[in-house]
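Enquirer: my_file.cif is reproduced below (mmCIF, C-alpha atoms and all ligand atoms).
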```
data_upload
loop_
_atom_site.label_atom_id
_atom_site.label_comp_id
_atom_site.auth_asym_id
_atom_site.auth_seq_id
_atom_site.Cartn_x
_atom_site.Cartn_y
_atom_site.Cartn_z
CA MET A 1 -6.77 6.17 22.33
CA ASN A 2 -10.48 5.74 23.01
CA ARG A 3 -11.97 2.64 21.48
CA LYS A 4 -15.24 3.11 19.64
CA ASP A 5 -17.33 0.78 17.55
CA THR A 6 -16.20 0.22 13.98
CA SER A 7 -19.13 -0.02 11.53
CA TYR A 8 -19.15 -2.56 8.73
CA LEU A 9 -20.22 -1.19 5.40
CA THR A 10 -20.70 -2.92 2.05
CA ALA A 11 -20.18 -1.68 -1.50
CA CYS A 12 -23.88 -0.80 -2.00
CA PRO A 13 -24.64 2.82 -3.01
CA ALA A 14 -26.17 3.76 0.38
CA ASP A 15 -23.06 2.54 2.19
CA ILE A 16 -20.74 4.41 -0.19
CA VAL A 17 -22.69 7.59 0.66
CA ALA A 18 -22.41 6.76 4.37
CA ALA A 19 -18.64 6.23 4.00
CA ALA A 20 -18.22 9.55 2.17
CA ASP A 21 -20.25 11.31 4.89
CA LEU A 22 -17.93 9.86 7.54
CA LEU A 23 -14.89 11.13 5.59
CA ARG A 24 -16.51 14.59 5.35
CA ALA A 25 -17.00 14.53 9.12
CA GLY A 26 -13.25 13.93 9.57
CA GLN A 27 -13.67 10.25 10.45
CA LEU A 28 -11.51 7.34 9.22
CA VAL A 29 -12.85 4.72 6.82
CA ALA A 30 -10.95 1.66 5.57
CA PHE A 31 -11.79 0.81 1.96
CA PRO A 32 -10.67 -1.73 -0.67
CA THR A 33 -8.36 -0.82 -3.52
CA GLU A 34 -6.99 -3.17 -6.18
CA THR A 35 -3.68 -3.33 -4.25
CA VAL A 36 -4.50 -3.54 -0.53
CA TYR A 37 -7.13 -2.04 1.80
CA GLY A 38 -6.43 1.62 2.56
CA LEU A 39 -7.18 3.58 5.74
CA GLY A 40 -8.82 6.72 4.37
CA GLY A 41 -9.17 10.20 5.83
CA ASP A 42 -9.79 13.64 4.28
CA ALA A 43 -6.32 14.70 3.07
CA ARG A 44 -7.21 18.40 3.64
CA ASN A 45 -8.23 17.92 7.28
CA ASN A 46 -5.37 18.03 9.82
CA ASP A 47 -7.36 16.26 12.52
CA ALA A 48 -8.40 13.44 10.22
CA VAL A 49 -4.83 12.93 8.98
CA ALA A 50 -3.45 13.06 12.53
CA GLY A 51 -6.01 10.37 13.38
CA ILE A 52 -4.62 8.09 10.66
CA TYR A 53 -1.13 8.21 12.22
CA THR A 54 -2.61 7.53 15.67
CA ALA A 55 -4.83 4.63 14.56
CA LYS A 56 -1.91 2.92 12.80
CA GLY A 57 0.76 3.85 15.36
CA ARG A 58 2.66 5.20 12.36
CA PRO A 59 5.74 7.41 12.79
CA SER A 60 4.82 10.97 11.77
CA PHE A 61 7.87 11.26 9.48
CA ASN A 62 6.40 8.66 7.10
CA PRO A 63 4.20 10.51 4.56
CA LEU A 64 0.91 9.27 3.08
CA ILE A 65 -0.43 8.80 -0.44
CA ALA A 66 -3.27 11.09 -1.59
CA HIS A 67 -5.90 9.15 -3.55
CA VAL A 68 -7.80 11.05 -6.23
CA PRO A 69 -10.46 10.01 -8.77
CA ASN A 70 -8.57 11.00 -11.94
CA THR A 71 -5.58 12.83 -13.44
CA GLU A 72 -7.40 16.18 -13.48
CA ALA A 73 -7.86 15.95 -9.72
CA ALA A 74 -4.17 15.03 -9.23
CA LYS A 75 -3.12 18.12 -11.19
CA ARG A 76 -4.87 20.36 -8.62
CA HIS A 77 -2.28 19.37 -6.02
CA VAL A 78 1.02 18.70 -7.85
CA VAL A 79 3.23 20.17 -10.57
CA TRP A 80 2.56 17.93 -13.58
CA THR A 81 5.34 16.80 -15.95
CA ASP A 82 5.60 15.01 -19.33
CA GLU A 83 6.80 11.84 -17.61
CA ALA A 84 3.84 11.98 -15.21
CA ASP A 85 1.55 12.34 -18.19
CA ARG A 86 3.02 9.33 -19.99
CA LEU A 87 2.81 7.11 -16.91
CA ALA A 88 -0.67 8.31 -15.90
CA GLN A 89 -2.04 7.77 -19.40
CA ALA A 90 -0.61 4.25 -19.50
CA PHE A 91 -1.32 3.05 -15.97
CA TRP A 92 -4.02 5.17 -14.22
CA PRO A 93 -6.33 4.08 -12.81
CA GLY A 94 -4.03 1.38 -11.43
CA PRO A 95 -1.35 0.27 -8.98
CA LEU A 96 1.02 3.19 -9.59
CA THR A 97 1.82 6.13 -7.28
CA LEU A 98 3.63 9.22 -8.57
CA VAL A 99 5.66 11.53 -6.31
CA LEU A 100 5.67 15.09 -7.67
CA PRO A 101 6.40 18.59 -6.33
CA LEU A 102 3.48 20.18 -4.45
CA LYS A 103 1.84 23.16 -6.11
CA PRO A 104 1.34 26.43 -4.23
CA ASP A 105 -2.22 26.43 -2.81
CA HIS A 106 -2.31 22.63 -3.02
CA GLY A 107 -4.78 22.44 -0.13
CA ILE A 108 -3.25 19.25 1.31
CA SER A 109 -2.62 18.96 5.07
CA PRO A 110 1.15 19.20 5.79
CA LEU A 111 0.74 16.06 7.89
CA VAL A 112 0.07 14.06 4.70
CA THR A 113 3.50 14.90 3.28
CA ALA A 114 5.26 14.85 6.67
CA GLY A 115 6.55 18.31 5.78
CA LEU A 116 8.11 17.30 2.41
CA ASP A 117 7.64 19.56 -0.60
CA THR A 118 6.46 16.61 -2.70
CA LEU A 119 3.17 14.67 -2.67
CA ALA A 120 2.52 11.02 -3.53
CA VAL A 121 -0.65 10.76 -5.65
CA ARG A 122 -2.52 7.75 -6.96
CA VAL A 123 -5.71 7.01 -8.92
CA PRO A 124 -6.86 3.55 -7.77
CA ALA A 125 -8.60 1.17 -10.19
CA HIS A 126 -10.97 -0.60 -7.77
CA ASP A 127 -14.67 0.14 -8.51
CA THR A 128 -15.56 0.67 -4.85
CA ALA A 129 -12.55 2.93 -4.23
CA ARG A 130 -13.51 4.92 -7.32
CA ALA A 131 -17.14 5.17 -6.22
CA LEU A 132 -16.04 6.42 -2.80
CA LEU A 133 -13.63 9.00 -4.28
CA ALA A 134 -16.32 10.23 -6.68
CA GLU A 135 -18.89 10.51 -3.90
CA PHE A 136 -16.46 12.24 -1.50
CA ASP A 137 -15.18 14.55 -4.23
CA GLY A 138 -11.86 15.37 -2.55
CA PRO A 139 -8.38 13.91 -1.95
CA VAL A 140 -8.28 10.92 0.42
CA ALA A 141 -5.07 10.21 2.34
CA ALA A 142 -4.77 6.45 2.70
CA PRO A 143 -1.92 4.30 3.94
CA SER A 144 -2.41 0.55 4.02
CA ALA A 145 -5.01 -0.25 6.71
CA ASN A 146 -2.75 -2.21 9.06
CA PRO A 147 -1.02 -1.30 12.33
CA SER A 148 2.36 0.23 11.37
CA GLY A 149 5.02 -2.37 10.66
CA ARG A 150 2.63 -5.31 10.37
CA ILE A 151 1.38 -7.36 7.40
CA SER A 152 -0.72 -5.33 4.92
CA PRO A 153 -4.46 -6.16 4.66
CA THR A 154 -5.98 -7.67 1.54
CA THR A 155 -9.39 -8.45 3.11
CA ALA A 156 -11.76 -6.56 5.40
CA ALA A 157 -11.16 -9.30 7.99
CA HIS A 158 -7.43 -8.42 8.01
CA VAL A 159 -8.39 -4.77 8.60
CA ARG A 160 -10.72 -5.75 11.44
CA ALA A 161 -8.06 -7.92 13.06
CA GLY A 162 -5.62 -5.00 13.17
CA LEU A 163 -7.70 -1.84 13.60
CA ASP A 164 -11.12 -2.76 15.03
CA GLY A 165 -12.31 -0.09 17.46
CA ARG A 166 -9.74 2.43 16.20
CA ILE A 167 -11.54 3.57 13.03
CA ALA A 168 -15.11 4.61 12.23
CA ALA A 169 -15.86 2.06 9.50
CA VAL A 170 -14.60 -0.65 7.17
CA LEU A 171 -16.04 -0.90 3.67
CA ASP A 172 -15.98 -4.60 2.79
CA ASP A 173 -15.80 -5.57 -0.87
CA GLY A 174 -13.93 -8.86 -0.78
CA PRO A 175 -10.25 -9.61 -1.36
CA CYS A 176 -7.95 -7.25 -3.29
CA GLY A 177 -6.97 -8.43 -6.78
CA VAL A 178 -3.33 -7.28 -7.05
CA GLY A 179 -2.40 -7.97 -3.44
CA LEU A 180 0.76 -5.83 -3.30
CA GLU A 181 0.92 -2.08 -2.67
CA SER A 182 1.30 0.29 -5.61
CA THR A 183 4.64 0.85 -7.28
CA ILE A 184 5.97 4.29 -6.29
CA VAL A 185 7.86 6.34 -8.88
CA GLY A 186 9.59 9.57 -7.84
CA LEU A 187 9.34 12.22 -10.57
CA ALA A 188 10.63 15.25 -8.66
CA GLY A 189 14.05 14.59 -10.25
CA THR A 190 15.32 11.72 -12.43
CA PRO A 191 12.57 9.06 -12.53
CA THR A 192 13.29 6.74 -9.60
CA LEU A 193 11.61 3.55 -8.43
CA LEU A 194 11.01 4.40 -4.75
CA ARG A 195 9.05 1.23 -3.93
CA PRO A 196 8.58 -1.85 -6.12
CA GLY A 197 4.91 -2.85 -6.19
CA GLY A 198 1.94 -4.09 -8.15
CA LEU A 199 3.16 -2.66 -11.46
CA SER A 200 6.49 -4.12 -12.59
CA ALA A 201 9.57 -1.94 -13.12
CA GLU A 202 9.84 -3.44 -16.63
CA MET A 203 6.41 -2.01 -17.55
CA ILE A 204 7.40 1.43 -16.29
CA GLU A 205 10.71 1.36 -18.19
CA ALA A 206 8.92 0.28 -21.37
CA CYS A 207 6.50 3.21 -21.00
CA LEU A 208 9.23 5.80 -20.28
CA GLY A 209 11.51 4.31 -22.95
CA GLN A 210 14.48 4.39 -20.56
CA PRO A 211 15.83 2.44 -17.59
CA ILE A 212 14.61 3.72 -14.22
CA ASP A 213 16.92 4.39 -11.25
CA ILE A 214 16.16 2.04 -8.38
CA TYR A 215 16.18 3.52 -4.89
CA LYS A 216 18.55 1.78 -2.50
CA GLN A 217 18.40 1.91 1.29
CA GLY A 218 20.49 4.88 2.42
CA ASP A 219 20.05 6.92 -0.77
CA ALA A 220 19.20 10.56 -0.12
CA LEU A 221 16.04 10.41 -2.24
CA SER A 222 13.77 7.86 -0.67
CA ALA A 223 10.30 6.81 0.32
CA PRO A 224 10.68 7.50 4.05
CA GLY A 225 8.41 4.56 4.87
CA GLN A 226 10.92 2.06 3.56
CA LEU A 227 12.00 1.00 7.02
CA GLN A 228 13.94 -2.24 7.15
CA SER A 229 11.50 -4.24 9.29
CA HIS A 230 7.96 -4.05 7.94
CA TYR A 231 5.17 -6.43 6.94
CA ALA A 232 6.25 -8.37 10.01
CA PRO A 233 4.30 -11.43 11.15
CA GLU A 234 4.54 -12.41 14.84
CA SER A 235 6.50 -15.49 13.74
CA SER A 236 10.07 -15.39 12.42
CA VAL A 237 10.54 -15.62 8.64
CA ARG A 238 13.41 -17.38 6.78
CA LEU A 239 13.86 -16.84 3.03
CA ASN A 240 15.16 -18.86 0.03
CA VAL A 241 14.58 -22.10 1.88
CA GLU A 242 15.07 -25.37 -0.05
CA ALA A 243 14.46 -27.61 2.98
CA PRO A 244 12.64 -26.61 6.18
CA VAL A 245 14.14 -27.25 9.61
CA GLY A 246 12.45 -28.05 12.93
CA ASP A 247 8.90 -26.82 13.27
CA GLU A 248 8.95 -24.51 10.24
CA VAL A 249 5.81 -24.14 8.16
CA VAL A 250 6.65 -23.78 4.44
CA LEU A 251 5.32 -21.08 2.12
CA GLY A 252 6.02 -22.45 -1.35
CA PHE A 253 6.30 -21.10 -4.87
CA GLY A 254 6.13 -23.37 -7.92
CA ASN A 255 6.29 -27.12 -7.92
CA VAL A 256 7.64 -27.69 -4.37
CA PRO A 257 6.40 -29.59 -1.31
CA CYS A 258 4.94 -27.03 1.11
CA ASP A 259 2.16 -26.23 3.57
CA LEU A 260 0.75 -23.37 1.51
CA ASN A 261 1.65 -22.46 -2.08
CA LEU A 262 1.71 -18.85 -3.36
CA SER A 263 1.37 -20.25 -6.88
CA ALA A 264 1.83 -23.93 -7.71
CA ALA A 265 2.04 -22.89 -11.38
CA GLY A 266 4.92 -20.51 -10.56
CA ASP A 267 2.88 -17.48 -11.66
CA LEU A 268 4.17 -14.25 -10.05
CA THR A 269 0.87 -12.35 -10.50
CA GLU A 270 -1.01 -15.11 -8.66
CA ALA A 271 1.73 -15.22 -6.01
CA ALA A 272 1.46 -11.45 -5.45
CA ALA A 273 -2.30 -11.67 -4.99
CA ASN A 274 -1.87 -14.44 -2.38
CA LEU A 275 1.19 -13.12 -0.50
CA PHE A 276 -0.27 -11.10 2.40
CA SER A 277 -3.19 -13.49 2.96
CA ALA A 278 -0.73 -16.38 3.10
CA LEU A 279 1.45 -14.54 5.63
CA HIS A 280 -1.61 -13.72 7.78
CA GLN A 281 -2.69 -17.38 7.61
CA LEU A 282 0.71 -18.93 8.38
CA ASP A 283 1.29 -16.39 11.15
CA SER A 284 -1.80 -17.72 12.91
CA THR A 285 -0.13 -21.17 13.18
CA GLY A 286 2.39 -19.69 15.62
CA ARG A 287 5.18 -21.65 13.85
CA PRO A 288 8.29 -20.14 12.21
CA ILE A 289 7.78 -19.47 8.49
CA ALA A 290 10.15 -20.73 5.76
CA VAL A 291 9.73 -19.36 2.23
CA SER A 292 10.80 -20.99 -1.06
CA PRO A 293 12.99 -19.01 -3.49
CA ILE A 294 11.07 -16.57 -5.72
CA PRO A 295 12.58 -15.21 -8.95
CA GLU A 296 13.73 -11.56 -8.81
CA LYS A 297 11.93 -10.38 -11.96
CA GLY A 298 8.56 -8.79 -12.78
CA LEU A 299 6.35 -8.76 -9.68
CA GLY A 300 8.97 -10.97 -7.99
CA LEU A 301 10.94 -7.78 -7.22
CA ALA A 302 8.07 -6.46 -5.08
CA ILE A 303 7.25 -9.87 -3.55
CA ASN A 304 10.89 -10.35 -2.49
CA ASP A 305 11.04 -6.75 -1.19
CA ARG A 306 8.06 -7.43 1.13
CA LEU A 307 9.46 -10.82 2.19
CA ARG A 308 12.92 -9.37 2.99
CA ARG A 309 11.25 -6.77 5.23
CA ALA A 310 9.06 -9.45 6.83
CA ALA A 311 12.26 -11.42 7.58
CA ALA A 312 14.34 -8.44 8.77
CA PRO A 313 15.37 -8.16 12.42
CA ARG A 314 12.51 -6.46 14.30
CA GLY A 315 12.88 -2.97 15.67
CA ALA A 316 15.25 -2.07 12.80
O1 LIG B 1 -1.20 0.50 -2.90
C1 LIG B 1 -0.94 1.43 -2.13
O2 LIG B 1 -0.10 2.30 -2.39
C2 LIG B 1 -1.72 1.48 -0.80
C3 LIG B 1 -3.20 1.68 -1.14
C4 LIG B 1 -4.04 1.89 0.08
O3 LIG B 1 -3.33 2.75 -2.03
N1 LIG B 1 -1.21 2.49 0.08
C5 LIG B 1 0.00 2.37 0.68
O4 LIG B 1 0.30 3.39 1.55
O5 LIG B 1 0.76 1.44 0.49
P1 LIG B 1 1.47 3.30 2.64
O6 LIG B 1 1.27 4.50 3.49
O7 LIG B 1 1.42 1.99 3.33
O8 LIG B 1 2.77 3.51 1.83
C6 LIG B 1 3.05 4.77 1.28
C7 LIG B 1 4.49 4.87 0.93
C8 LIG B 1 5.40 5.00 2.14
O9 LIG B 1 6.54 4.18 1.94
C9 LIG B 1 5.79 6.47 2.12
O10 LIG B 1 7.03 6.70 2.70
C10 LIG B 1 5.79 6.78 0.64
O11 LIG B 1 4.66 6.08 0.17
N2 LIG B 1 5.58 8.20 0.37
C11 LIG B 1 4.49 8.94 0.61
N3 LIG B 1 4.68 10.23 0.27
C12 LIG B 1 5.92 10.31 -0.21
C13 LIG B 1 6.72 11.37 -0.74
N4 LIG B 1 6.26 12.63 -0.81
N5 LIG B 1 7.98 11.09 -1.16
C14 LIG B 1 8.44 9.82 -1.08
N6 LIG B 1 7.73 8.77 -0.59
C15 LIG B 1 6.50 9.02 -0.16
MG MG B 2 1.88 0.27 4.36
#
```
Reformat the file's structure so that it appears as structure tokens.
Ligand code: TXA
Ligand code: MG
Expert:
Amino acid sequence: MNRKDTSYLTACPADIVAAADLLRAGQLVAFPTETVYGLGGDARNNDAVAGIYTAKGRPSFNPLIAHVPNTEAAKRHVVWTDEADRLAQAFWPGPLTLVLPLKPDHGISPLVTAGLDTLAVRVPAHDTARALLAEFDGPVAAPSANPSGRISPTTAAHVRAGLDGRIAAVLDDGPCGVGLESTIVGLAGTPTLLRPGGLSAEMIEACLGQPIDIYKQGDALSAPGQLQSHYAPESSVRLNVEAPVGDEVVLGFGNVPCDLNLSAAGDLTEAAANLFSALHQLDSTGRPIAVSPIPEKGLGLAINDRLRRAAAPRGA
């Protein structure tokens, strides 16, 4: 595709207006959310949405999340349910995405849903994302702002490194607080955890008052983007490592000797916030990456999910 200059915007009001104007003109703008930076385009505009797939090199069968400013706006596009209401009241704005049946006259480009009859919707909590959504006053389709299959961006510099020249602008408002993508819950049938993320499965179960089905690779109902190899650094990644071998650089967790620690205190929330930045940083060493064991509970479920994909054979 043609390379063009990417503008750098800040979170000041004039730049938020400029970013919303670009979205209205069908251009692509990367913006911060509390989870990761998103690559935004007008979710009603086929050309804009097609541009998102092109800029990321994303397979067109992998649908996008529509970002909206509040629950009322979400209800314009999807069939609302009691479970959706409970989860939205508890966790929106926040790192939770709900997959619900599309309404007739939903107005969303079919490219957003990759032809599915459901839509993933999310109300982000980040002030700048909220200001942009309010100013734009429409649904914004936004995948993570990284080339498809690579490590997700938690800073504007990560976005620039991956997409510079391919998008109109990046809105820079510092590092993302949560650091992992939103948790995706499918509500078109039995509530199902489609992707573990920044909100723990335990919190969702406590809110629904029942255990949630967990999607497994190969299940019919899935988040189509859950390809095996994803979040991949250039370097190889080895997991659950107690002792490094050869030239490996060690990504630690807890009280262990290492080159970089996700959380010396063994705090999973801190580890989540640091994960993608740490992978970007260690990747730049050019050395193979070895990762300490991380407990499979709370946010550890999502951290281990991302690490397993980062370690998976490439091209899978
Ligand atoms: O935190 C996040 O969710 C970030 C920020 C930018 O909001 N966005 C994000 O988008 O992670 P993306 O495109 O990287 O991941 C979206 C995931 C994909 O796995 C996709 O397959 C799934 O959502 N998805 C989207 N629409 C779906 C649908 N209708 N049914 C099932 N899965 C869906
Ligand atoms: Mg992504």
Enquirer: Determine, counting all atoms listed in the file, which protein, DNA and RNA residues have an atom within 6 Å of an atom of Ala120 of chain A; residues of the same chain fewer than 2 positions away are not included. Present the result as a PyMOL selection string.
Expert: chain A and resi 65+98-99
Enquirer: Keeping only C-alpha atoms, write those residues as a PDB file, keeping the file's coordinate frame.
Expert:
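Below is the file that was written, again-v7.pdb:
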```pdb
ATOM      1  CA  ILE A  65      -0.430   8.800  -0.440  1.00  0.00           C
ATOM      2  CA  LEU A  98       3.630   9.220  -8.570  1.00  0.00           C
ATOM      3  CA  VAL A  99       5.660  11.530  -6.310  1.00  0.00           C
TER       4      VAL A  99
END
```
Enquirer: Got a sec: who's within 6 Å of segment 129-141 of chain A, counting only C-alpha atoms, leaving out chain neighbours fewer than 6 positions off, as JSON, numbers by chain?
Expert: {"A": [16, 20, 33, 40, 41, 42, 43, 65, 66, 67, 68, 69]}
Enquirer: Create the file for the chosen residues now, containing C-alpha atoms and written as a compact mmCIF listing (two decimals), keeping the file's coordinate frame.
Expert:
```txt
# COMPACT_ATOMS: atom_id res chain seq x y z
CA ILE A 16 -20.74 4.41 -0.19
CA ALA A 20 -18.22 9.55 2.17
CA THR A 33 -8.36 -0.82 -3.52
CA GLY A 40 -8.82 6.72 4.37
CA GLY A 41 -9.17 10.20 5.83
CA ASP A 42 -9.79 13.64 4.28
CA ALA A 43 -6.32 14.70 3.07
CA ILE A 65 -0.43 8.80 -0.44
CA ALA A 66 -3.27 11.09 -1.59
CA HIS A 67 -5.90 9.15 -3.55
CA VAL A 68 -7.80 11.05 -6.23
CA PRO A 69 -10.46 10.01 -8.77
```
Enquirer: Compare A:Thr118, A:Thr128, A:Thr269, A:Ser200 by their minimum atom-to-atom distance to Leu187 of chain A, counting only C-alpha atoms, and give me the closest one.
Expert: A:Thr118
Enquirer: Using the file's own x, y and z axes, what box holds all listed atoms of segment 167-174 of chain A with 8 Å on each side, keeping edges along x, y and z, and what are its centre and edge lengths in Å to one decimal, as AutoDock Vina command-line options?
Expert:
```
--center_x -13.8 --center_y -2.1 --center_z 6.1 --size_x 20.5 --size_y 29.5 --size_z 29.9
```
Enquirer: Taking only C-alpha atoms and all ligand atoms into account, which of A:Ala84, A:Ile184, A:Ile108, A:Val17 comes nearest ligand LIG 1 (chain B)?
Expert: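 Smallest distance to ligand LIG 1 (chain B) is found for A:Ile184.
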Enquirer: Can I get the residues close to ligand MG 2 (chain B) as a list in words, where close means within 8 Å and we count all atoms listed in the file?
Expert: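 Going residue by residue within 8 Å of ligand MG 2 (chain B), we get Pro143, Ser144, Ala145, Asn146, Ser148, Gly149, Ser152, Glu181, Gly225 and Tyr231 of chain A.
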Enquirer: Pull the neighbourhood of (20.1, 14.0, -12.9) for me: all residues within 12 Å in file coordinates, counting all atoms listed in the file, as a VMD selection string.
Expert: chain A and resid 187 to 192 212 to 213 221
Enquirer: Could I get the residue neighbourhood of ligand LIG 1 (chain B) at 7 Å, counting all atoms listed in the file, as a CSV table (one decimal) with C-alpha atoms, in the frame of the given file?
Expert:
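The resulting file, part05.csv, is reproduced below:
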```csv
chain,number,residue,atom,x,y,z
A,33,THR,CA,-8.4,-0.8,-3.5
A,35,THR,CA,-3.7,-3.3,-4.2
A,36,VAL,CA,-4.5,-3.5,-0.5
A,37,TYR,CA,-7.1,-2.0,1.8
A,38,GLY,CA,-6.4,1.6,2.6
A,39,LEU,CA,-7.2,3.6,5.7
A,62,ASN,CA,6.4,8.7,7.1
A,63,PRO,CA,4.2,10.5,4.6
A,64,LEU,CA,0.9,9.3,3.1
A,65,ILE,CA,-0.4,8.8,-0.4
A,95,PRO,CA,-1.4,0.3,-9.0
A,97,THR,CA,1.8,6.1,-7.3
A,99,VAL,CA,5.7,11.5,-6.3
A,113,THR,CA,3.5,14.9,3.3
A,116,LEU,CA,8.1,17.3,2.4
A,118,THR,CA,6.5,16.6,-2.7
A,119,LEU,CA,3.2,14.7,-2.7
A,120,ALA,CA,2.5,11.0,-3.5
A,124,PRO,CA,-6.9,3.6,-7.8
A,142,ALA,CA,-4.8,6.4,2.7
A,143,PRO,CA,-1.9,4.3,3.9
A,144,SER,CA,-2.4,0.6,4.0
A,180,LEU,CA,0.8,-5.8,-3.3
A,181,GLU,CA,0.9,-2.1,-2.7
A,182,SER,CA,1.3,0.3,-5.6
A,183,THR,CA,4.6,0.8,-7.3
A,184,ILE,CA,6.0,4.3,-6.3
A,186,GLY,CA,9.6,9.6,-7.8
A,194,LEU,CA,11.0,4.4,-4.8
A,222,SER,CA,13.8,7.9,-0.7
A,223,ALA,CA,10.3,6.8,0.3
A,224,PRO,CA,10.7,7.5,4.0
A,225,GLY,CA,8.4,4.6,4.9
A,226,GLN,CA,10.9,2.1,3.6
```
Enquirer: What separation in Å, quoted to one decimal, exists between atom CA of Gly174 of chain A and atom CA of Leu23 of chain A?
Expert: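 Result for atom CA of Gly174 of chain A versus atom CA of Leu23 of chain A: 21.0 Å, one decimal.
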Enquirer: What residues have an atom no more than 12 Å from (4.8, -25.0, 2.3) in the file's own frame, counting all atoms listed in the file, and can you write them as a PDB file with C-alpha atoms, in the frame of the given file?
Expert:
```
ATOM      1  CA  VAL A 241      14.580 -22.100   1.880  1.00  0.00           C
ATOM      2  CA  GLU A 242      15.070 -25.370  -0.050  1.00  0.00           C
ATOM      3  CA  ALA A 243      14.460 -27.610   2.980  1.00  0.00           C
ATOM      4  CA  PRO A 244      12.640 -26.610   6.180  1.00  0.00           C
ATOM      5  CA  ASP A 247       8.900 -26.820  13.270  1.00  0.00           C
ATOM      6  CA  GLU A 248       8.950 -24.510  10.240  1.00  0.00           C
ATOM      7  CA  VAL A 249       5.810 -24.140   8.160  1.00  0.00           C
ATOM      8  CA  VAL A 250       6.650 -23.780   4.440  1.00  0.00           C
ATOM      9  CA  LEU A 251       5.320 -21.080   2.120  1.00  0.00           C
ATOM     10  CA  GLY A 252       6.020 -22.450  -1.350  1.00  0.00           C
ATOM     11  CA  PHE A 253       6.300 -21.100  -4.870  1.00  0.00           C
ATOM     12  CA  GLY A 254       6.130 -23.370  -7.920  1.00  0.00           C
ATOM     13  CA  ASN A 255       6.290 -27.120  -7.920  1.00  0.00           C
ATOM     14  CA  VAL A 256       7.640 -27.690  -4.370  1.00  0.00           C
ATOM     15  CA  PRO A 257       6.400 -29.590  -1.310  1.00  0.00           C
ATOM     16  CA  CYS A 258       4.940 -27.030   1.110  1.00  0.00           C
ATOM     17  CA  ASP A 259       2.160 -26.230   3.570  1.00  0.00           C
ATOM     18  CA  LEU A 260       0.750 -23.370   1.510  1.00  0.00           C
ATOM     19  CA  ASN A 261       1.650 -22.460  -2.080  1.00  0.00           C
ATOM     20  CA  LEU A 262       1.710 -18.850  -3.360  1.00  0.00           C
ATOM     21  CA  SER A 263       1.370 -20.250  -6.880  1.00  0.00           C
ATOM     22  CA  ALA A 264       1.830 -23.930  -7.710  1.00  0.00           C
ATOM     23  CA  ALA A 278      -0.730 -16.380   3.100  1.00  0.00           C
ATOM     24  CA  LEU A 279       1.450 -14.540   5.630  1.00  0.00           C
ATOM     25  CA  GLN A 281      -2.690 -17.380   7.610  1.00  0.00           C
ATOM     26  CA  LEU A 282       0.710 -18.930   8.380  1.00  0.00           C
ATOM     27  CA  PRO A 288       8.290 -20.140  12.210  1.00  0.00           C
ATOM     28  CA  ILE A 289       7.780 -19.470   8.490  1.00  0.00           C
ATOM     29  CA  ALA A 290      10.150 -20.730   5.760  1.00  0.00           C
ATOM     30  CA  VAL A 291       9.730 -19.360   2.230  1.00  0.00           C
ATOM     31  CA  SER A 292      10.800 -20.990  -1.060  1.00  0.00           C
ATOM     32  CA  PRO A 293      12.990 -19.010  -3.490  1.00  0.00           C
TER      33      PRO A 293
END
```
Enquirer: For Pro295 of chain A, which residue out of A:Asp127, A:Gly209, A:Ala271, A:Ala73 is the nearest one, using all atoms listed in the file?
Expert: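 Checking each candidate against Pro295 of chain A, we get A:Ala271 as the closest.
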Enquirer: Which distance in Å separates atom CA of His77 of chain A and atom CA of Asp105 of chain A, to one decimal?
Expert: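 For atom CA of His77 of chain A relative to atom CA of Asp105 of chain A, the distance reads 7.8 Å.
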Enquirer: Regenerate segment 105-113 of chain A at the level of N, CA and C atoms and dump it as an mmCIF file, in the coordinates of the input.
Expert:
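File rebuild_28.cif, as written:
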```
data_model
loop_
_atom_site.group_PDB
_atom_site.id
_atom_site.type_symbol
_atom_site.label_atom_id
_atom_site.label_comp_id
_atom_site.auth_asym_id
_atom_site.auth_seq_id
_atom_site.Cartn_x
_atom_site.Cartn_y
_atom_site.Cartn_z
ATOM 1 N N ASP A 105 -0.764 26.553 -3.008
ATOM 2 C CA ASP A 105 -2.220 26.430 -2.810
ATOM 3 C C ASP A 105 -2.733 25.015 -3.116
ATOM 4 N N HIS A 106 -1.928 24.031 -2.739
ATOM 5 C CA HIS A 106 -2.310 22.630 -3.020
ATOM 6 C C HIS A 106 -3.445 22.152 -2.143
ATOM 7 N N GLY A 107 -3.634 22.779 -0.986
ATOM 8 C CA GLY A 107 -4.780 22.440 -0.130
ATOM 9 C C GLY A 107 -4.612 21.187 0.707
ATOM 10 N N ILE A 108 -3.460 20.514 0.598
ATOM 11 C CA ILE A 108 -3.250 19.250 1.310
ATOM 12 C C ILE A 108 -2.673 19.519 2.705
ATOM 13 N N SER A 109 -3.160 18.800 3.718
ATOM 14 C CA SER A 109 -2.620 18.960 5.070
ATOM 15 C C SER A 109 -1.118 18.647 5.062
ATOM 16 N N PRO A 110 -0.300 19.480 5.737
ATOM 17 C CA PRO A 110 1.150 19.200 5.790
ATOM 18 C C PRO A 110 1.458 17.876 6.479
ATOM 19 N N LEU A 111 0.502 17.355 7.237
ATOM 20 C CA LEU A 111 0.740 16.060 7.890
ATOM 21 C C LEU A 111 0.777 14.936 6.867
ATOM 22 N N VAL A 112 0.084 15.101 5.743
ATOM 23 C CA VAL A 112 0.070 14.060 4.700
ATOM 24 C C VAL A 112 1.482 13.866 4.152
ATOM 25 N N THR A 113 2.168 14.977 3.907
ATOM 26 C CA THR A 113 3.500 14.900 3.280
ATOM 27 C C THR A 113 4.616 14.831 4.308
#
```
